[in-house]
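S.K.: I'd like to ask you about the structure that follows.
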Amino acid sequence: MKSKLLFITCHKLSGNNGGSNASKGFIYSFAKLFEDCSLIYPEIETPNLYIPKEYKLFPCRDPRTKFRKGFDMYLGVVNALRNFVIHHLRSHSYDIIVVDHSVTGTGLAGVLKQSGAKIITIHHNVERDYLRDNGKERPVIFRYPYNYFAKKSEKNCLKLSSVNLTLTEKDAGIFRSWYPNINIHAYCLGICEYRGILAKSFPLVKKNSNKFVITGSLCFIQSLKPILEFLEIYYPILKEECPDCELVIAGRNPSSELIDFCKNESNISLIPNPENIESLTQESNYYICPINAGSGIKLRVLDGLKQGLPILCHEISSNGYEMLIEKGCMFSYSDTNTFRQALRHLLGANLSKDYIYSIYANSFSVDALTIKLNKILKSEKIL
């Protein structure tokens, strides 16, 4: 008997950000294990270019006015998915329901459990940590109800799911520590590239420069604040250790504070809203990820890996990438002393781009993630 699977996501699948891209990877991975798949997603744009043909598509429309959305927030309706899913389940039945991000399950966990399906929740982060570091992104009038119901949904999903999947082992450990006397079936799954990873080789060229690159959203608090801290605290050390260094910072909508800082530094190039991130990383020697807040995994690190660049990152950003540290192509720091040490190790390492790219290709493909997912679901007798 073939199991029927429903995948529900709150992420805009046409978006090109960490959450959306991670979700697309999970969608592809589940499609490799289940033949009968359905997908409920926000109807922002048609996501057909991003979704495998195995899925039956059920776009969720949100016709509510802004006033109604704000009012609903205080009732625990943080998005349009809740009512849509409830109505959908009246005429459709499933053996397995995947909740992509616990926020997706707000007000739904109990309903999904009552349907008789086994629930699998993918936790993109620990909401407590994410909301602490990004709470100011949302207007105050909506911040408190949203935070309350998001945390409540996370706990409901943890307790009612047959399997809880996280992106890092650290997040899985945090969830287990909350329920020491209950098996919440928490596993670290990781992430993958939803696009196919092609075989690639890099020309053997002598490194004649020390060009570092930072990428990512430059208007998002969790991204912008650590970059500004890096420039204030760690960039002077970078110049001391590597006087000929160049630093490229590229991303969406840089703040005026970041623009003003970069104007005064001749060795820093700030590139707002670049059309092609890949071309910028191709021209660089090292990738820096200074993000020092939040939980989950920092997908921007993949920007560097897919160009064969060694990674220098804050220890928070190394969560989920432990294998890169073991293989000697990621160097992490937590303060100025460890930054100086990590930087020296980075500059002294003799790593080929081909070597780093091979690790990336073997670790972050859909097939690699599917093997891990298959093992987890078999251990839980879901497959």
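Every chain in the structure tokens takes a letter, A first, then B, and so on in the order presented; its residues are numbered from 1, and the ligands are numbered from 1 following the presented order.
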Which neighbours of segment 32-44 of chain A fall inside 7 Å, counting only C-alpha atoms, when residues of the same chain fewer than 3 positions from it are skipped, and could you give them as a PyMOL selection string?
M.R.: chain A and resi 3-10+12+28-29+54-61
S.K.: Could you write those residues out with C-alpha atoms, as a short mmCIF file (atom, residue, chain, number, x, y, z; two decimals), in the first residue's frame?
M.R.:
```cif
data_model
loop_
_atom_site.label_atom_id
_atom_site.label_comp_id
_atom_site.auth_asym_id
_atom_site.auth_seq_id
_atom_site.Cartn_x
_atom_site.Cartn_y
_atom_site.Cartn_z
CA SER A 3 1.41 6.05 1.71
CA LYS A 4 -0.24 9.36 0.85
CA LEU A 5 1.78 12.36 1.97
CA LEU A 6 0.74 15.99 2.46
CA PHE A 7 3.47 18.62 2.74
CA ILE A 8 2.34 21.98 4.21
CA THR A 9 4.60 25.03 4.12
CA CYS A 10 4.18 28.69 5.03
CA LYS A 12 7.02 31.59 -0.28
CA TYR A 28 12.38 17.36 -3.29
CA SER A 29 13.71 14.92 -0.71
CA GLU A 54 5.22 14.21 -8.13
CA TYR A 55 3.21 16.80 -6.19
CA LYS A 56 -0.45 17.68 -6.53
CA LEU A 57 -0.58 21.41 -5.88
CA PHE A 58 -3.09 23.11 -3.59
CA PRO A 59 -2.33 26.86 -3.44
CA CYS A 60 -3.69 28.66 -0.40
CA ARG A 61 -5.17 32.05 -1.17
#
```
S.K.: Could you give me the residues within segment 131-304 of chain A that DSSP places in strand (DSSP E or B), as a list of chain:residue names?
M.R.: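 Filtering segment 131-304 of chain A down to strand (DSSP E or B) leaves A:Val163, A:Asn164, A:Leu165, A:Thr166, A:Ala186, A:Tyr187, A:Cys188, A:Asn210, A:Lys211, A:Phe212, A:Val213, A:Ile214, A:Thr215, A:Cys245, A:Glu246, A:Leu247, A:Val248, A:Ile249, A:Ala250, A:Gly251, A:Ile268, A:Ser269, A:Leu270, A:Ile271, A:Pro272, A:Tyr286, A:Tyr287, A:Ile288, A:Cys289.
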S.K.: Which of segment 275-342 of chain A end up as alpha helix (DSSP H) when DSSP is run on this backbone - answer as a VMD selection string?
M.R.: chain A and resid 277 to 282 301 to 305 322 to 326 336 to 342
S.K.: For the residues in that selection, give me N, CA and C atoms as a PDB file, in the first residue's frame.
M.R.:
```
ATOM      1  N   ILE A 277      25.287  36.943  -7.396  1.00  0.00           N
ATOM      2  CA  ILE A 277      26.155  36.680  -6.250  1.00  0.00           C
ATOM      3  C   ILE A 277      27.294  35.745  -6.655  1.00  0.00           C
ATOM      4  N   GLU A 278      26.985  34.801  -7.531  1.00  0.00           N
ATOM      5  CA  GLU A 278      27.963  33.776  -7.910  1.00  0.00           C
ATOM      6  C   GLU A 278      29.231  34.388  -8.501  1.00  0.00           C
ATOM      7  N   SER A 279      29.070  35.403  -9.333  1.00  0.00           N
ATOM      8  CA  SER A 279      30.246  36.016  -9.963  1.00  0.00           C
ATOM      9  C   SER A 279      31.135  36.698  -8.926  1.00  0.00           C
ATOM     10  N   LEU A 280      30.521  37.215  -7.859  1.00  0.00           N
ATOM     11  CA  LEU A 280      31.294  37.873  -6.805  1.00  0.00           C
ATOM     12  C   LEU A 280      32.089  36.865  -5.986  1.00  0.00           C
ATOM     13  N   THR A 281      31.451  35.747  -5.661  1.00  0.00           N
ATOM     14  CA  THR A 281      32.166  34.731  -4.880  1.00  0.00           C
ATOM     15  C   THR A 281      33.233  34.042  -5.726  1.00  0.00           C
ATOM     16  N   GLN A 282      32.990  33.902  -7.022  1.00  0.00           N
ATOM     17  CA  GLN A 282      33.985  33.293  -7.904  1.00  0.00           C
ATOM     18  C   GLN A 282      35.300  34.055  -7.878  1.00  0.00           C
ATOM     19  N   VAL A 301      26.203  30.247   3.919  1.00  0.00           N
ATOM     20  CA  VAL A 301      27.504  29.586   3.850  1.00  0.00           C
ATOM     21  C   VAL A 301      27.650  28.811   2.541  1.00  0.00           C
ATOM     22  N   LEU A 302      26.526  28.312   2.022  1.00  0.00           N
ATOM     23  CA  LEU A 302      26.566  27.562   0.769  1.00  0.00           C
ATOM     24  C   LEU A 302      27.027  28.433  -0.401  1.00  0.00           C
ATOM     25  N   ASP A 303      26.818  29.758  -0.308  1.00  0.00           N
ATOM     26  CA  ASP A 303      27.292  30.656  -1.364  1.00  0.00           C
ATOM     27  C   ASP A 303      28.794  30.514  -1.559  1.00  0.00           C
ATOM     28  N   GLY A 304      29.509  30.369  -0.435  1.00  0.00           N
ATOM     29  CA  GLY A 304      30.955  30.208  -0.527  1.00  0.00           C
ATOM     30  C   GLY A 304      31.362  28.811  -0.929  1.00  0.00           C
ATOM     31  N   LEU A 305      30.722  27.806  -0.347  1.00  0.00           N
ATOM     32  CA  LEU A 305      31.097  26.415  -0.618  1.00  0.00           C
ATOM     33  C   LEU A 305      30.924  26.057  -2.091  1.00  0.00           C
ATOM     34  N   GLU A 322      29.420  21.012  11.030  1.00  0.00           N
ATOM     35  CA  GLU A 322      30.533  20.442  11.794  1.00  0.00           C
ATOM     36  C   GLU A 322      31.476  19.612  10.927  1.00  0.00           C
ATOM     37  N   MET A 323      30.936  18.958   9.905  1.00  0.00           N
ATOM     38  CA  MET A 323      31.786  18.124   9.047  1.00  0.00           C
ATOM     39  C   MET A 323      32.797  18.963   8.283  1.00  0.00           C
ATOM     40  N   LEU A 324      32.484  20.237   8.038  1.00  0.00           N
ATOM     41  CA  LEU A 324      33.425  21.114   7.349  1.00  0.00           C
ATOM     42  C   LEU A 324      34.608  21.464   8.240  1.00  0.00           C
ATOM     43  N   ILE A 325      34.332  21.616   9.531  1.00  0.00           N
ATOM     44  CA  ILE A 325      35.420  21.872  10.482  1.00  0.00           C
ATOM     45  C   ILE A 325      36.318  20.648  10.563  1.00  0.00           C
ATOM     46  N   GLU A 326      35.700  19.459  10.631  1.00  0.00           N
ATOM     47  CA  GLU A 326      36.468  18.226  10.702  1.00  0.00           C
ATOM     48  C   GLU A 326      37.349  18.027   9.472  1.00  0.00           C
ATOM     49  N   THR A 336      37.717  37.884  19.886  1.00  0.00           N
ATOM     50  CA  THR A 336      38.833  38.442  19.119  1.00  0.00           C
ATOM     51  C   THR A 336      40.047  37.517  19.099  1.00  0.00           C
ATOM     52  N   ASN A 337      40.313  36.854  20.220  1.00  0.00           N
ATOM     53  CA  ASN A 337      41.472  35.953  20.256  1.00  0.00           C
ATOM     54  C   ASN A 337      41.288  34.761  19.319  1.00  0.00           C
ATOM     55  N   THR A 338      40.111  34.133  19.392  1.00  0.00           N
ATOM     56  CA  THR A 338      39.876  32.977  18.530  1.00  0.00           C
ATOM     57  C   THR A 338      39.719  33.397  17.068  1.00  0.00           C
ATOM     58  N   PHE A 339      39.287  34.648  16.841  1.00  0.00           N
ATOM     59  CA  PHE A 339      39.218  35.138  15.464  1.00  0.00           C
ATOM     60  C   PHE A 339      40.613  35.234  14.866  1.00  0.00           C
ATOM     61  N   ARG A 340      41.535  35.778  15.621  1.00  0.00           N
ATOM     62  CA  ARG A 340      42.904  35.912  15.113  1.00  0.00           C
ATOM     63  C   ARG A 340      43.504  34.529  14.809  1.00  0.00           C
ATOM     64  N   GLN A 341      43.258  33.581  15.717  1.00  0.00           N
ATOM     65  CA  GLN A 341      43.769  32.220  15.512  1.00  0.00           C
ATOM     66  C   GLN A 341      43.137  31.575  14.277  1.00  0.00           C
ATOM     67  N   ALA A 342      41.804  31.692  14.175  1.00  0.00           N
ATOM     68  CA  ALA A 342      41.096  31.088  13.045  1.00  0.00           C
ATOM     69  C   ALA A 342      41.549  31.714  11.726  1.00  0.00           C
TER      70      ALA A 342
END
```
S.K.: Which residues of segment 265-337 of chain A come within 8 Å of segment 18-23 of chain A, and for each one, what is the closest pair of atoms and their distance in Å to one decimal, counting only C-alpha atoms, sorted by chain and residue number, as CSV?
M.R.:
```
residue,atom,partner,partner_atom,distance
A:Lys298,CA,A:Gly18,CA,7.3
A:Leu299,CA,A:Gly18,CA,5.5
A:Arg300,CA,A:Gly18,CA,7.2
```
S.K.: I'd like to know which of A:Tyr94, A:Tyr194, A:His101, A:Ser269 is closest to Lys2 of chain A, using only C-alpha atoms.
M.R.: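 Result for the nearest residue to Lys2 of chain A: A:Tyr94.
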S.K.: Would you kindly return, as a PyMOL selection string, each protein, DNA or RNA residue with an atom no farther than 12 Å from any atom of Arg138 of chain A, considering only C-alpha atoms and excluding same-chain residues fewer than 6 positions away?
M.R.: chain A and resi 70+131-132+144-147+220-221
S.K.: Which neighbours of Lys239 of chain A fall inside 12 Å, counting only C-alpha atoms, when residues of the same chain fewer than 2 positions from it are skipped, and could you give them as a PyMOL selection string?
M.R.: chain A and resi 210-212+231-237+241-247+265-268+340+343
S.K.: Which residues, written as a PyMOL selection string, have at least one atom at most 9 Å from Asn125 of chain A, with only C-alpha atoms counted and residues fewer than 3 positions away on the same chain left out?
M.R.: chain A and resi 101-102+122+128-130+166-168+171+294-297
S.K.: Go through segment 59-126 of chain A residue by residue and, counting only C-alpha atoms, keep those with an atom at most 9 Å from segment 151-164 of chain A; for each kept residue give the shortest atom pair and its distance in Å to one decimal, ordered by chain and increasing number, as a tab-separated table.
M.R.:
```
residue	atom	partner	partner_atom	distance
A:Val99	CA	A:Cys157	CA	8.6
A:His101	CA	A:Glu154	CA	8.6
A:Ser102	CA	A:Glu154	CA	5.1
A:Val103	CA	A:Ser153	CA	6.3
A:Thr104	CA	A:Ser153	CA	8.4
A:Gly105	CA	A:Ser153	CA	6.2
A:Thr106	CA	A:Ser153	CA	4.8
A:Gly107	CA	A:Ser153	CA	6.8
A:Leu108	CA	A:Ser153	CA	8.2
A:Ala109	CA	A:Cys157	CA	5.9
A:Gly110	CA	A:Leu160	CA	7.5
A:Lys113	CA	A:Leu160	CA	6.9
A:Lys118	CA	A:Ser162	CA	5.9
A:Ile119	CA	A:Ser161	CA	4.7
A:Ile120	CA	A:Val163	CA	4.9
A:Thr121	CA	A:Asn164	CA	5.0
A:Ile122	CA	A:Asn164	CA	6.1
A:His123	CA	A:Asn164	CA	7.1
A:Val126	CA	A:Glu154	CA	8.3
```
S.K.: Might you pull out every residue within 8 Å of segment 367-376 of chain A, with only C-alpha atoms counted and same-chain residues fewer than 3 positions away left off, and present them as a PyMOL selection string?
M.R.: chain A and resi 29-30+32-33+187+189-192+362-364+379-380+383
S.K.: Can you pull out the residues contacting segment 255-263 of chain A? Cut-off 8 Å, using only C-alpha atoms, and skip same-chain residues under 4 positions away; I want them as a ChimeraX atom specification.
M.R.: /A:218-219,224,228,268-270
S.K.: Please indicate the distance in Å from atom CA of Tyr50 of chain A to atom CA of Val366 of chain A, rounded to one decimal place.
M.R.: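 Rounded to one decimal, the two atoms are 13.5 Å apart.
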S.K.: Please compute the atom CA of Ile96 of chain A-atom CA of Ser115 of chain A distance, one decimal, in Å.
M.R.: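 That distance, rounded to one decimal, is 9.9 Å.
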S.K.: Smallest atom-to-atom distance to Glu283 of chain A: which of A:Ser334, A:Ser209, A:Asn319, A:Thr215, using only C-alpha atoms?
M.R.: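 Under the stated criterion, the closest residue is A:Ser209.
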S.K.: Nearest to Asn253 of chain A: which of A:Asn79, A:Ser201, A:Gln222, A:Ser217 is it, counting only C-alpha atoms?
M.R.: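 Residue with the minimum atom-to-atom distance to Asn253 of chain A: A:Ser217.
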S.K.: Grab the atom CA of Ser358 of chain A to atom CA of Asn285 of chain A distance for me, in Å with one decimal place.
M.R.: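 Interatomic distance here is 16.8 Å.
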S.K.: With distances taken over only C-alpha atoms, which residue among A:Leu377, A:Leu347, A:Ala250, A:Ile227 lies nearest Cys289 of chain A?
M.R.: A:Ile227
